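First the structure, in the form of structure tokens, and then the observations on it.
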Amino acid sequence: MTRLVAIVTGGSAGIGWEIGQRLAADGYLVVAADRVPGLTAGENPAGILWRELDVTDHAAVDRVFGEIEDDLGPIEVLVNNAGIQRHRGLEDLTFDEWSTVVDVNLHGVFSALQAAGRRMLTRGEGRIVNISSISSRGSAGRAPYATTKAAVIGLTSTAGAEWAARGVRVNAVAPGYVDTGVFRQGVEQGTLSLDTILSRIPAQRLAEASEIAAAVSFLVSEESRYMNGQTLYVDGGFMVDYGVPLAKRPA
Ligand code: NDP
């Protein structure tokens, strides 16, 4: 049976790699569209393919997606996962730091969404999942990251509304903290404290990347066919707990 094509941007590492594993297990032919081959060059039993792509290159996104369709078949699923962050207080943030994050996390998501969406619309079929973050609500020291992750939610709901009647569904997943690239970078730089973060998570643990991938799998499946423009928080309860962390759990 021909496998349907799923593209995961930034799919060579971290959460994107796990999303690729899960979609491959679901039966998709997965293409990691990333700047570097990363994990796709190592142990790769799921046979995830790699195409070189920098999502900040608007023209290249359209060209590479066209090449993927020519070589492998119609793009059925796009996961806009590529993302970066820079930690710095607003007053010290350089414009270069700001625009570097905006280029990847927002312009990159728009470019890929449009390039895949146009193709899906001509066939009246496709699913797109954008990766946002719990930081979309605001995150001190991470202004460009928080801003772009909030913008991704706005873009998701708009695209979900625009394309709902035309067979293309667009939704988002907003992960909590996962021990992968953007989180590790913060811990290593000392701008994120693991203990403080754990004390704020009702589930009292970080997320597994596979738990984020499971939500993506659901949002591209038929099971979620009546969902459009939604953002699913996969965060161990982080976004629903505005209380001060309990000193002791109630019995
Ligand atoms: P990683 O850094 O582990 O992986 C991100 C991947 O995206 C890397 O392979 C990276 O390549 C690639 N990438 C970066 N910039 C580009 C670009 N311009 N074009 C193509 N690929 C690019 O990050 P995570 O797995 O931690 O994060 C994945 C997504 O999940 C991001 O959108 C992030 O914001 C989001 N997220 C992560 C959370 C976490 O706690 N980890 C929490 C909430 C959301 P390279 O190594 O070359 O930069």
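Order determines the names: the first chain of the structure tokens is A, the second B, and so forth; residues in each chain are numbered 1 upward, and ligands are numbered 1 upward as they are shown.
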Shell of 9 Å around Arg166 of chain A, only C-alpha atoms, local chain residues under 5 positions omitted, as a short mmCIF file (atom, residue, chain, number, x, y, z; two decimals) with all heavy atoms, in the first residue's frame:
data_model
loop_
_atom_site.label_atom_id
_atom_site.label_comp_id
_atom_site.auth_asym_id
_atom_site.auth_seq_id
_atom_site.Cartn_x
_atom_site.Cartn_y
_atom_site.Cartn_z
N LEU A 121 -5.21 22.28 -0.56
CA LEU A 121 -6.49 22.86 -0.97
C LEU A 121 -6.86 22.45 -2.39
O LEU A 121 -8.04 22.25 -2.69
CB LEU A 121 -6.43 24.39 -0.87
CG LEU A 121 -6.43 24.95 0.56
CD1 LEU A 121 -6.07 26.43 0.56
CD2 LEU A 121 -7.77 24.72 1.25
N GLY A 124 -8.33 19.25 -1.86
CA GLY A 124 -9.41 19.23 -0.87
C GLY A 124 -9.15 18.27 0.26
O GLY A 124 -10.07 17.72 0.86
N GLU A 125 -7.85 18.11 0.61
CA GLU A 125 -7.52 17.15 1.66
C GLU A 125 -6.15 17.45 2.28
O GLU A 125 -5.19 17.69 1.55
CB GLU A 125 -7.47 15.76 1.03
CG GLU A 125 -7.30 14.65 2.03
CD GLU A 125 -7.35 13.29 1.34
OE1 GLU A 125 -8.29 13.06 0.57
OE2 GLU A 125 -6.42 12.50 1.55
#
Next on the checklist: Can you work out which residues are within 8 Å of ligand 1, considering only C-alpha atoms and all ligand atoms, and then hand them over as a PyMOL selection string?
Outcome noted: chain A and resi 9-17+33-38+52-57+80-85+103-105+108+131-135+145+149+174-184+207+209
Item to check | Nearest candidate to Ala143 of chain A (options A:Glu67, A:Glu97, A:Asp241, A:Glu76; using only C-alpha atoms) | outcome: A:Glu97
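Near Leu93 of chain A, within 10 Å and counting only C-alpha atoms, sit Arg86, His87, Arg88, Gly89, Glu97, Trp98, Gly141, Arg142, Ala143 and Pro144 of chain A, not including residues fewer than 4 positions from it in the same chain.
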For the selection you just gave me, I'd like the residues written to a file as a JSON list (two decimals), in the first residue's frame, keeping all heavy atoms.
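Ended up saving to selection.json:
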[["chain", "number", "residue", "atom", "x", "y", "z"],
["A", 86, "ARG", "N", 15.81, 32.41, 22.11],
["A", 86, "ARG", "CA", 16.92, 33.19, 22.66],
["A", 86, "ARG", "C", 16.47, 33.72, 24.01],
["A", 86, "ARG", "O", 15.38, 34.27, 24.11],
["A", 86, "ARG", "CB", 17.26, 34.38, 21.74],
["A", 86, "ARG", "CG", 17.76, 34.00, 20.35],
["A", 86, "ARG", "CD", 19.17, 33.45, 20.38],
["A", 86, "ARG", "NE", 19.64, 33.10, 19.04],
["A", 86, "ARG", "CZ", 19.45, 31.91, 18.45],
["A", 86, "ARG", "NH1", 18.81, 30.96, 19.08],
["A", 86, "ARG", "NH2", 19.91, 31.67, 17.24],
["A", 87, "HIS", "N", 17.31, 33.55, 25.02],
["A", 87, "HIS", "CA", 16.97, 34.03, 26.36],
["A", 87, "HIS", "C", 17.66, 35.37, 26.62],
["A", 87, "HIS", "O", 18.88, 35.44, 26.61],
["A", 87, "HIS", "CB", 17.48, 33.04, 27.41],
["A", 87, "HIS", "CG", 16.72, 31.76, 27.45],
["A", 87, "HIS", "ND1", 16.01, 31.33, 28.53],
["A", 87, "HIS", "CD2", 16.55, 30.81, 26.51],
["A", 87, "HIS", "CE1", 15.43, 30.17, 28.28],
["A", 87, "HIS", "NE2", 15.76, 29.83, 27.06],
["A", 88, "ARG", "N", 16.89, 36.39, 26.82],
["A", 88, "ARG", "CA", 17.47, 37.68, 27.23],
["A", 88, "ARG", "C", 16.33, 38.61, 27.66],
["A", 88, "ARG", "O", 15.23, 38.52, 27.12],
["A", 88, "ARG", "CB", 18.25, 38.33, 26.07],
["A", 88, "ARG", "CG", 19.29, 39.33, 26.56],
["A", 88, "ARG", "CD", 20.15, 39.89, 25.44],
["A", 88, "ARG", "NE", 20.90, 38.90, 24.69],
["A", 88, "ARG", "CZ", 22.00, 38.28, 25.12],
["A", 88, "ARG", "NH1", 22.47, 38.54, 26.31],
["A", 88, "ARG", "NH2", 22.63, 37.41, 24.35],
["A", 89, "GLY", "N", 16.64, 39.46, 28.61],
["A", 89, "GLY", "CA", 15.64, 40.44, 29.05],
["A", 89, "GLY", "C", 15.28, 41.37, 27.90],
["A", 89, "GLY", "O", 16.13, 41.69, 27.05],
["A", 97, "GLU", "N", 18.56, 39.24, 17.58],
["A", 97, "GLU", "CA", 18.03, 38.10, 18.35],
["A", 97, "GLU", "C", 16.52, 37.99, 18.17],
["A", 97, "GLU", "O", 15.97, 36.89, 17.99],
["A", 97, "GLU", "CB", 18.37, 38.27, 19.85],
["A", 97, "GLU", "CG", 19.85, 38.05, 20.15],
["A", 97, "GLU", "CD", 20.23, 38.47, 21.56],
["A", 97, "GLU", "OE1", 19.69, 39.49, 22.07],
["A", 97, "GLU", "OE2", 21.09, 37.80, 22.15],
["A", 98, "TRP", "N", 15.86, 39.13, 18.23],
["A", 98, "TRP", "CA", 14.41, 39.14, 18.05],
["A", 98, "TRP", "C", 14.02, 38.58, 16.69],
["A", 98, "TRP", "O", 13.23, 37.65, 16.58],
["A", 98, "TRP", "CB", 13.90, 40.59, 18.19],
["A", 98, "TRP", "CG", 12.48, 40.79, 17.78],
["A", 98, "TRP", "CD1", 12.02, 41.15, 16.54],
["A", 98, "TRP", "CD2", 11.32, 40.61, 18.59],
["A", 98, "TRP", "NE1", 10.66, 41.21, 16.53],
["A", 98, "TRP", "CE2", 10.20, 40.88, 17.78],
["A", 98, "TRP", "CE3", 11.11, 40.25, 19.92],
["A", 98, "TRP", "CZ2", 8.88, 40.80, 18.25],
["A", 98, "TRP", "CZ3", 9.80, 40.18, 20.40],
["A", 98, "TRP", "CH2", 8.71, 40.45, 19.57],
["A", 141, "GLY", "N", 11.92, 36.79, 30.04],
["A", 141, "GLY", "CA", 13.25, 36.46, 29.52],
["A", 141, "GLY", "C", 13.22, 35.78, 28.17],
["A", 141, "GLY", "O", 14.26, 35.44, 27.61],
["A", 142, "ARG", "N", 12.00, 35.56, 27.63],
["A", 142, "ARG", "CA", 11.91, 34.86, 26.35],
["A", 142, "ARG", "C", 10.89, 35.56, 25.45],
["A", 142, "ARG", "O", 9.97, 34.93, 24.90],
["A", 142, "ARG", "CB", 11.52, 33.40, 26.58],
["A", 142, "ARG", "CG", 12.57, 32.65, 27.42],
["A", 142, "ARG", "CD", 12.42, 31.17, 27.34],
["A", 142, "ARG", "NE", 11.28, 30.69, 28.10],
["A", 142, "ARG", "CZ", 10.79, 29.46, 27.98],
["A", 142, "ARG", "NH1", 11.33, 28.61, 27.15],
["A", 142, "ARG", "NH2", 9.77, 29.08, 28.71],
["A", 143, "ALA", "N", 11.03, 36.85, 25.32],
["A", 143, "ALA", "CA", 10.01, 37.64, 24.61],
["A", 143, "ALA", "C", 9.76, 37.18, 23.17],
["A", 143, "ALA", "O", 8.60, 36.98, 22.79],
["A", 143, "ALA", "CB", 10.38, 39.12, 24.63],
["A", 144, "PRO", "N", 10.81, 37.01, 22.35],
["A", 144, "PRO", "CA", 10.49, 36.61, 20.97],
["A", 144, "PRO", "C", 9.88, 35.22, 20.90],
["A", 144, "PRO", "O", 8.98, 34.97, 20.08],
["A", 144, "PRO", "CB", 11.85, 36.67, 20.25],
["A", 144, "PRO", "CG", 12.89, 36.71, 21.30],
["A", 144, "PRO", "CD", 12.24, 37.26, 22.54]]
Item to check | Residues of segment 67-231 of chain A in alpha helix (DSSP H), written as an MDAnalysis selection string | outcome: chainID A and resid 67:72 95:102 108:123 143:163 181:189 194:200 209:219
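Of the listed residues A:Pro74, A:Gly27, A:Gly20, A:Gly160, the one whose atoms come nearest to Ile48 of chain A is A:Gly20, with distances taken using only C-alpha atoms.
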Checklist entry - If we count only C-alpha atoms, what is near Met120 of chain A at a cut-off of 9 Å, once residues fewer than 3 positions away on the same chain are taken out, given as a list in words? => result Pro74, Ile75, Glu76, Val77, Ala115, Ala116, Gly117, Arg123, Gly124, Glu125, Gly126, Arg127, Gly167 and Val168 of chain A
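Across the model, the gap from atom CA of Glu69 of chain A to atom CA of Glu211 of chain A is 28.9 Å.
Counting only C-alpha atoms, the residue from A:Ala172, A:Gln185, A:Leu198, A:Ser210 that sits nearest to Met227 of chain A is A:Ala172.
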Next on the checklist: So that I can check the secondary structure, give me every residue of segment 13-203 of chain A assigned strand (DSSP E or B) by backbone DSSP, as a PyMOL selection string.
Outcome noted: chain A and resi 29-34+49-52+75-80+88+126-131+142+168-175+178
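Picture a line from atom CA of Glu43 of chain A to atom CA of Ala25 of chain A; it runs 15.7 Å.
Using only C-alpha atoms, the shortest contact distance between Gly243 of chain A and any of A:Asn228, A:Ser199, A:Val101, A:Ser217 is found at A:Ser199.
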Checklist entry - Skipping near chain neighbours, those fewer than 2 positions away, what residues fall within 12 Å of Met1 of chain A using only C-alpha atoms, listed as a list in words? => result Arg3, Leu4, Gly27, Tyr28 and Leu29 of chain A
Checklist outcome for this item: Min atom-atom distance to Ala165 of chain A from the set A:Arg225, A:Arg200, A:Arg205, A:Arg137, counting only C-alpha atoms, belongs to A:Arg225
Checklist outcome for this item: Min atom-atom distance to Gln114 of chain A from the set A:Ile153, A:Gln230, A:Asp62, A:Asn130, counting only C-alpha atoms, belongs to A:Asp62
